[in-house]
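Participant: Here you go, structure_28.cif (mmCIF, C-alpha atoms):
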```
data_start
#
loop_
_atom_site.label_atom_id
_atom_site.label_comp_id
_atom_site.auth_asym_id
_atom_site.auth_seq_id
_atom_site.Cartn_x
_atom_site.Cartn_y
_atom_site.Cartn_z
CA ASP A 27 -22.66 12.79 -24.35
CA VAL A 28 -25.61 11.91 -26.59
CA SER A 29 -23.92 9.01 -28.39
CA ILE A 30 -22.87 7.33 -25.13
CA ARG A 31 -26.33 7.84 -23.68
CA ARG A 32 -27.88 6.18 -26.74
CA LEU A 33 -25.62 3.17 -26.26
CA HIS A 34 -26.71 2.91 -22.64
CA VAL A 35 -30.36 3.23 -23.60
CA ARG A 36 -29.97 0.34 -26.06
CA LYS A 37 -28.12 -1.74 -23.45
CA TYR A 38 -30.31 -1.10 -20.40
CA GLY A 39 -33.52 0.35 -21.84
CA PRO A 40 -34.73 3.89 -21.12
CA LYS A 41 -36.73 3.00 -18.02
CA LYS A 42 -33.97 0.93 -16.39
CA LEU A 43 -31.40 3.58 -17.21
CA GLU A 44 -33.46 6.30 -15.52
CA THR A 45 -34.04 4.01 -12.52
CA MET A 46 -30.30 3.34 -12.23
CA ILE A 47 -29.54 7.07 -12.33
CA HIS A 48 -32.25 7.75 -9.75
CA LYS A 49 -30.77 5.10 -7.41
CA ASN A 50 -27.28 6.56 -7.85
CA GLU A 51 -26.35 3.54 -9.98
CA ILE A 52 -24.71 5.97 -12.31
CA VAL A 53 -23.72 5.10 -15.87
CA GLY A 54 -21.22 7.69 -17.06
CA THR A 55 -21.57 9.50 -20.38
CA ASN A 56 -18.41 11.67 -20.34
CA THR A 57 -16.13 10.85 -23.30
CA GLU A 58 -13.14 12.97 -22.25
CA MET A 59 -10.24 10.59 -21.73
CA LEU A 60 -8.33 12.67 -19.17
CA LYS A 61 -10.00 14.31 -16.19
CA GLU A 62 -8.54 15.93 -13.10
CA PHE A 63 -9.46 14.47 -9.73
CA THR A 64 -11.97 16.55 -7.77
CA ARG A 65 -13.78 15.61 -4.59
CA SER A 66 -17.41 14.91 -5.40
CA SER A 67 -20.01 17.19 -3.87
CA GLY A 68 -23.73 17.37 -4.44
CA THR A 69 -25.65 15.28 -6.97
CA LEU A 70 -23.63 12.98 -9.21
CA LYS A 71 -24.25 13.62 -12.88
CA PRO A 72 -23.59 11.05 -15.66
CA GLU A 73 -22.11 13.76 -17.90
CA ASN A 74 -19.30 14.27 -15.36
CA ILE A 75 -18.39 10.58 -15.14
CA ARG A 76 -16.56 8.47 -17.71
CA PRO A 77 -17.93 5.01 -18.60
CA LYS A 78 -15.77 1.90 -18.35
CA ASN A 79 -14.55 1.88 -21.96
CA ILE A 80 -13.31 5.46 -21.68
CA LEU A 81 -11.66 4.65 -18.32
CA GLN A 82 -9.82 1.73 -19.92
CA ASP A 83 -8.47 4.03 -22.64
CA ALA A 84 -7.49 6.59 -20.01
CA PHE A 85 -5.67 3.99 -17.91
CA THR A 86 -3.67 2.76 -20.90
CA HIS A 87 -2.80 6.34 -21.89
CA VAL A 88 -1.62 7.55 -18.48
CA LYS A 89 0.56 4.46 -18.02
CA LYS A 90 2.27 5.14 -21.34
CA GLN A 91 2.78 8.81 -20.50
CA PHE A 92 4.34 7.97 -17.16
CA SER A 93 6.53 5.12 -18.45
CA LYS A 94 7.96 7.44 -21.12
CA GLY A 95 8.80 10.04 -18.49
CA LEU A 96 6.44 12.60 -20.03
CA GLU A 97 4.56 13.15 -16.76
CA ASP A 98 5.57 13.05 -13.09
CA TYR A 99 4.11 11.12 -10.17
CA GLU A 100 1.91 13.99 -8.98
CA TRP A 101 0.16 14.13 -12.36
CA MET A 102 -0.14 10.35 -12.39
CA LEU A 103 -1.57 10.36 -8.89
CA ARG A 104 -4.35 12.80 -9.86
CA GLN A 105 -5.24 10.81 -12.97
CA LEU A 106 -5.33 7.45 -11.16
CA LYS A 107 -7.45 8.87 -8.35
CA SER A 108 -9.82 10.28 -10.94
CA ILE A 109 -10.10 6.87 -12.65
CA ARG A 110 -10.67 5.17 -9.31
CA GLN A 111 -13.34 7.72 -8.42
CA ASP A 112 -15.30 7.09 -11.63
CA LEU A 113 -15.05 3.33 -11.11
CA GLN A 114 -16.34 3.55 -7.56
CA THR A 115 -19.11 5.99 -8.45
CA GLN A 116 -20.46 3.49 -10.98
CA ASN A 117 -19.94 0.51 -8.68
CA ILE A 118 -17.64 -1.16 -11.21
CA GLU A 119 -15.95 -4.04 -9.41
CA ASP A 120 -14.25 -6.35 -11.88
CA GLU A 121 -10.84 -7.39 -13.19
CA PHE A 122 -10.19 -3.93 -14.65
CA THR A 123 -10.83 -2.27 -11.28
CA ILE A 124 -8.38 -4.67 -9.65
CA GLN A 125 -5.78 -3.87 -12.33
CA VAL A 126 -6.10 -0.14 -11.59
CA TYR A 127 -5.70 -0.56 -7.82
CA GLN A 128 -2.85 -3.07 -8.13
CA TYR A 129 -0.96 -0.80 -10.51
CA HIS A 130 -1.48 2.19 -8.23
CA ALA A 131 -0.36 0.19 -5.17
CA LYS A 132 2.94 -0.73 -6.82
CA LEU A 133 3.42 2.83 -8.02
CA ALA A 134 2.81 4.07 -4.48
CA ILE A 135 5.45 1.66 -3.12
CA ALA A 136 7.98 2.86 -5.69
CA ASN A 137 7.32 6.51 -4.78
CA GLY A 138 7.05 6.08 -1.00
CA ASP A 139 3.41 7.21 -0.99
CA ILE A 140 2.26 5.35 2.13
CA GLY A 141 -1.16 6.98 2.30
CA GLU A 142 -2.18 5.93 -1.21
CA LEU A 143 -0.64 2.50 -0.68
CA ASN A 144 -2.87 1.93 2.34
CA THR A 145 -5.93 3.15 0.41
CA CYS A 146 -5.23 0.80 -2.50
CA LEU A 147 -4.47 -2.25 -0.34
CA THR A 148 -7.61 -1.69 1.75
CA ARG A 149 -9.76 -1.47 -1.38
CA LEU A 150 -8.11 -4.54 -2.90
CA ARG A 151 -8.87 -6.62 0.18
CA ASP A 152 -12.56 -5.83 -0.33
CA LEU A 153 -12.44 -6.49 -4.07
CA TYR A 154 -10.76 -9.88 -3.68
CA GLN A 155 -13.80 -11.13 -1.77
CA SER A 156 -15.92 -10.98 -4.93
CA VAL A 157 -13.42 -10.83 -7.81
CA PRO A 158 -10.77 -13.58 -8.09
CA SER A 159 -7.24 -12.52 -8.95
CA SER A 160 -4.06 -14.50 -9.55
CA ASP A 161 -2.12 -11.65 -7.90
CA GLU A 162 -4.09 -11.68 -4.64
CA ALA A 163 -1.32 -13.29 -2.57
CA GLU A 164 1.27 -10.75 -3.72
CA PHE A 165 -0.79 -7.75 -2.66
CA ARG A 166 -1.97 -9.33 0.57
CA SER A 167 1.71 -9.84 1.40
CA TYR A 168 2.28 -6.10 0.90
CA HIS A 169 -0.40 -5.48 3.53
CA ILE A 170 1.53 -7.65 6.01
CA PHE A 171 4.67 -5.59 5.34
CA TYR A 172 2.66 -2.38 5.71
CA CYS A 173 1.49 -3.53 9.15
CA MET A 174 5.11 -3.57 10.35
CA PHE A 175 5.20 0.17 9.66
CA SER A 176 1.70 1.07 10.86
CA GLY A 177 1.65 -1.17 13.92
CA GLN A 178 -1.71 -2.59 12.84
CA ASP A 179 -2.70 -6.21 13.29
CA PRO A 180 -2.21 -7.98 9.91
CA GLU A 181 -5.14 -10.27 10.79
CA LEU A 182 -3.33 -13.36 9.57
CA ALA A 183 -6.11 -15.65 10.78
CA GLN A 184 -8.50 -14.03 8.30
CA LEU A 185 -6.40 -14.87 5.25
CA PRO A 186 -8.09 -17.35 2.90
CA ALA A 187 -6.55 -20.79 3.47
CA GLU A 188 -5.58 -21.24 -0.18
CA VAL A 189 -3.77 -17.88 -0.11
CA ALA A 190 -2.15 -18.23 3.34
CA ARG A 191 -0.22 -21.34 2.36
CA LEU A 192 1.50 -19.73 -0.65
CA ASP A 193 5.22 -18.96 -0.45
CA VAL A 194 4.80 -15.21 -0.95
CA ILE A 195 2.52 -15.00 2.09
CA GLN A 196 4.68 -17.30 4.20
CA ASN A 197 7.70 -15.15 3.39
CA ALA A 198 5.89 -11.98 4.50
CA ILE A 199 4.67 -13.64 7.72
CA ARG A 200 8.18 -14.83 8.53
CA ILE A 201 9.63 -11.32 8.08
CA TYR A 202 6.80 -9.79 10.10
CA ARG A 203 7.53 -12.15 13.02
CA ILE A 204 11.28 -11.56 12.77
CA TYR A 205 10.63 -7.83 13.01
CA LYS A 206 8.24 -8.15 15.96
CA ARG A 207 10.74 -10.12 18.04
CA ASN A 208 13.57 -7.63 17.28
CA ASP A 209 15.64 -10.27 15.49
CA TYR A 210 17.85 -7.77 13.66
CA TYR A 211 20.34 -10.42 12.51
CA ASN A 212 17.81 -12.42 10.49
CA PHE A 213 16.01 -9.24 9.37
CA PHE A 214 19.12 -7.97 7.60
CA LYS A 215 20.03 -11.45 6.38
CA ILE A 216 16.66 -12.05 4.71
CA TYR A 217 16.51 -8.47 3.39
CA GLN A 218 19.16 -9.29 0.79
CA ASP A 219 16.97 -11.93 -0.87
CA GLN A 220 13.77 -9.88 -1.24
CA CYS A 221 12.23 -8.37 -4.36
CA GLU A 222 12.35 -4.60 -4.92
CA GLU A 223 8.84 -3.96 -3.54
CA ASN A 224 9.53 -5.96 -0.37
CA CYS A 225 12.80 -4.12 0.21
CA ARG A 226 11.09 -0.76 -0.15
CA LEU A 227 8.46 -1.78 2.39
CA MET A 228 11.10 -3.13 4.77
CA ASP A 229 12.93 0.20 4.39
CA LEU A 230 9.99 1.83 6.18
CA VAL A 231 11.07 0.20 9.44
CA ILE A 232 14.75 -0.41 8.83
CA HIS A 233 15.80 2.57 10.97
CA LYS A 234 14.06 0.97 13.97
CA VAL A 235 15.81 -2.34 13.35
CA ARG A 236 19.18 -0.57 13.07
CA TYR A 237 18.54 1.16 16.40
CA VAL A 238 17.82 -2.18 18.09
CA ALA A 239 20.99 -3.64 16.55
CA LEU A 240 23.15 -0.71 17.70
CA CYS A 241 21.77 -0.90 21.23
CA ALA A 242 22.57 -4.62 21.37
CA LEU A 243 26.10 -4.08 20.03
CA ARG A 244 26.76 -1.25 22.47
CA LYS A 245 25.63 -3.38 25.35
CA GLY A 246 27.77 -6.30 24.18
CA PHE A 247 31.00 -4.31 23.80
CA SER A 248 30.69 -1.96 26.77
CA PRO A 249 33.17 -2.77 29.59
CA PRO A 250 31.58 -3.90 32.86
CA LYS A 251 31.01 -1.10 35.34
CA ARG A 252 33.20 -1.27 38.48
CA LYS A 253 31.48 -0.76 41.77
CA PRO A 254 33.17 1.91 43.96
CA SER A 255 35.04 0.51 46.96
CA THR A 256 33.43 1.17 50.33
CA ALA A 257 36.38 -0.08 52.42
CA LEU A 258 38.27 2.58 54.42
CA PRO A 259 42.06 2.79 53.93
CA VAL A 260 44.24 1.57 56.81
CA VAL A 261 46.41 4.25 58.47
CA ASP A 262 49.34 3.19 60.76
CA SER A 263 49.91 6.59 62.37
CA ASP A 264 48.34 9.99 62.59
CA ASP A 265 51.02 11.48 60.28
CA GLN A 266 50.37 9.09 57.36
CA VAL A 267 48.21 10.28 54.54
CA PRO A 268 46.39 7.48 52.84
CA THR A 269 46.92 6.96 49.14
CA LEU A 270 43.61 6.57 47.32
#
```
Turn this file's structure into structure tokens for me.
Facilitator:
Amino acid sequence: DVSIRRLHVRKYGPKKLETMIHKNEIVGTNTEMLKEFTRSSGTLKPENIRPKNILQDAFTHVKKQFSKGLEDYEWMLRQLKSIRQDLQTQNIEDEFTIQVYQYHAKLAIANGDIGELNTCLTRLRDLYQSVPSSDEAEFRSYHIFYCMFSGQDPELAQLPAEVARLDVIQNAIRIYRIYKRNDYYNFFKIYQDQCEENCRLMDLVIHKVRYVALCALRKGFSPPKRKPSTALPVVDSDDQVPTL
């Protein structure tokens, strides 16, 4: 779009703008608020990418549409992935980018979309290294819960010290350790006190915990097995038939 390009020329200067485009430091010029997600192929063009101010408007709009029930999750998924794609193409890593990924992560939890949840949590872990967020502990705790399902190492030793000591992280670590030692009693006991997101993530492994609990109960209530007698019956005469 010519008007957007003029704004970028005034902001960066014509030479710097051309250099940024040449180095794939793209500055989008597309002013269409909504755009379907498509996998990028070939040379990236500014006219196909929305700048940050348009992405902010798009993010606000799609959230309203979804909250009002006017669109379903599949539509929302395509729009959020498209917003994320334009952010990443332009190397935009700031508070707005974190808001998009955090929102999508919670939406993925609510809709059981484990693949997108993993993508968002992985990206957030990278973003938190350069962009501070007051919600960092909450979303790092979701990663610990996700590791119960995936079997991955939650890498607890790599948590920032100031984050690791917070209650939300300590709660997630406690549940993770309870799950790993097959402590079904405390798993179900602590489940009742968790927030909705935590419960949904614990639901991913709850069938395994139930199986462990049922096996333990079956073992506890099963009668002891009697060993067959190896002693031969005593017979007084040849005409007696032993009673077994």
Participant: I'd like the residues picked by the PyMOL selection byres ((chain A and resi 108) around 10) written out as a VMD selection string, using the chain letters and numbers from the file.
Facilitator: chain A and resid 60 to 65 75 to 76 81 102 to 107 109 to 114
Participant: Starting from the displayed file, determine the output of the PyMOL selection byres ((chain A and resi 155) around 12) and express the residue list as a PyMOL selection string.
Facilitator: chain A and resi 119-120+124+148-154+156-159+162+184-186
Participant: Looking at only C-alpha atoms, which of A:Ala198, A:Ala84, A:Cys146, A:Val53 is the one that sits closest to Leu70 of chain A?
Facilitator: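 Once distances to Leu70 of chain A are computed over only C-alpha atoms, the minimum belongs to A:Val53.
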Participant: At what distance in Å, to one decimal, does atom CA of Ala136 of chain A lie from atom CA of Gly177 of chain A?
Facilitator: 21.0 Å
Participant: Using all atoms of segment 223-234 of chain A that appear in the file, construct an axis-aligned enclosing box with 6 Å of padding on every side and provide its centre coordinates and edge lengths in Å, rounded to one decimal, as lines of an AutoDock Vina configuration file.
Facilitator:
```
center_x = 12.1
center_y = -1.7
center_z = 5.2
size_x = 19.3
size_y = 20.5
size_z = 29.5
```
Participant: Counting all atoms listed in the file, what is within 10 Å of Arg236 of chain A, bar same-chain residues fewer than 3 positions away, as a PDB file with C-alpha atoms, in the coordinates of the input?
Facilitator:
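Output (result16.pdb):
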```pdb
ATOM      1  CA  ASN A 208      13.570  -7.630  17.280  1.00  0.00           C
ATOM      2  CA  TYR A 210      17.850  -7.770  13.660  1.00  0.00           C
ATOM      3  CA  TYR A 211      20.340 -10.420  12.510  1.00  0.00           C
ATOM      4  CA  PHE A 213      16.010  -9.240   9.370  1.00  0.00           C
ATOM      5  CA  PHE A 214      19.120  -7.970   7.600  1.00  0.00           C
ATOM      6  CA  VAL A 231      11.070   0.200   9.440  1.00  0.00           C
ATOM      7  CA  ILE A 232      14.750  -0.410   8.830  1.00  0.00           C
ATOM      8  CA  HIS A 233      15.800   2.570  10.970  1.00  0.00           C
ATOM      9  CA  ALA A 239      20.990  -3.640  16.550  1.00  0.00           C
ATOM     10  CA  LEU A 240      23.150  -0.710  17.700  1.00  0.00           C
ATOM     11  CA  CYS A 241      21.770  -0.900  21.230  1.00  0.00           C
ATOM     12  CA  ALA A 242      22.570  -4.620  21.370  1.00  0.00           C
TER      13      ALA A 242
END
```
Participant: Rounded to one decimal, what separation in Å do you get between atom CA of Val194 of chain A and atom CA of Gln128 of chain A?
Facilitator: 16.0 Å
Participant: Ranking A:Gln116, A:Gln218, A:Ser160, A:Leu133 by minimum distance to Asp98 of chain A and counting only C-alpha atoms, which one comes first?
Facilitator: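 Closest residue, counting only C-alpha atoms: A:Leu133.
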Participant: Separation of atom CA of Ala134 of chain A and atom CA of Asn224 of chain A, in Å?
Facilitator: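 Computing the Euclidean distance for atom CA of Ala134 of chain A and atom CA of Asn224 of chain A yields 12.8 Å.
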Participant: Return the single residue from A:Asn117, A:Met59, A:Asn74, A:Val238 that is closest to Arg207 of chain A, with distances computed using all atoms listed in the file.
Facilitator: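 Under the stated criterion, the closest residue is A:Val238.
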Participant: Nearest residue to Thr123 of chain A out of A:Phe92, A:Tyr168, A:Tyr99, A:Phe85, using all atoms listed in the file?
Facilitator: A:Phe85
Participant: For segment 201-206 of chain A, please output as a list of chain:residue names all residues within 9 Å (counting only C-alpha atoms; exclusion window: fewer than 3 positions along the same chain).
Facilitator: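 After dropping sequence-adjacent residues, the list is A:Ile170, A:Phe171, A:Cys173, A:Met174, A:Gln196, A:Asn197, A:Ala198, A:Asp209, A:Tyr210, A:Asn212, A:Phe213, A:Ile216, A:Tyr217, A:Met228, A:Val231, A:Val235.
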Participant: List the residues sitting within 6 Å of (0.3, -9.7, 7.9) in the file's frame, using only C-alpha atoms, as a list in words.
Facilitator: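 Collected hits near the coordinates: Ile170, Pro180, Leu182 and Ile199 of chain A.
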Participant: Go through A:Glu58, A:Leu96, A:Thr145, A:Thr69 and flag the residue nearest Asp83 of chain A, using all atoms listed in the file for the distances.
Facilitator: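 Result for the nearest residue to Asp83 of chain A: A:Glu58.
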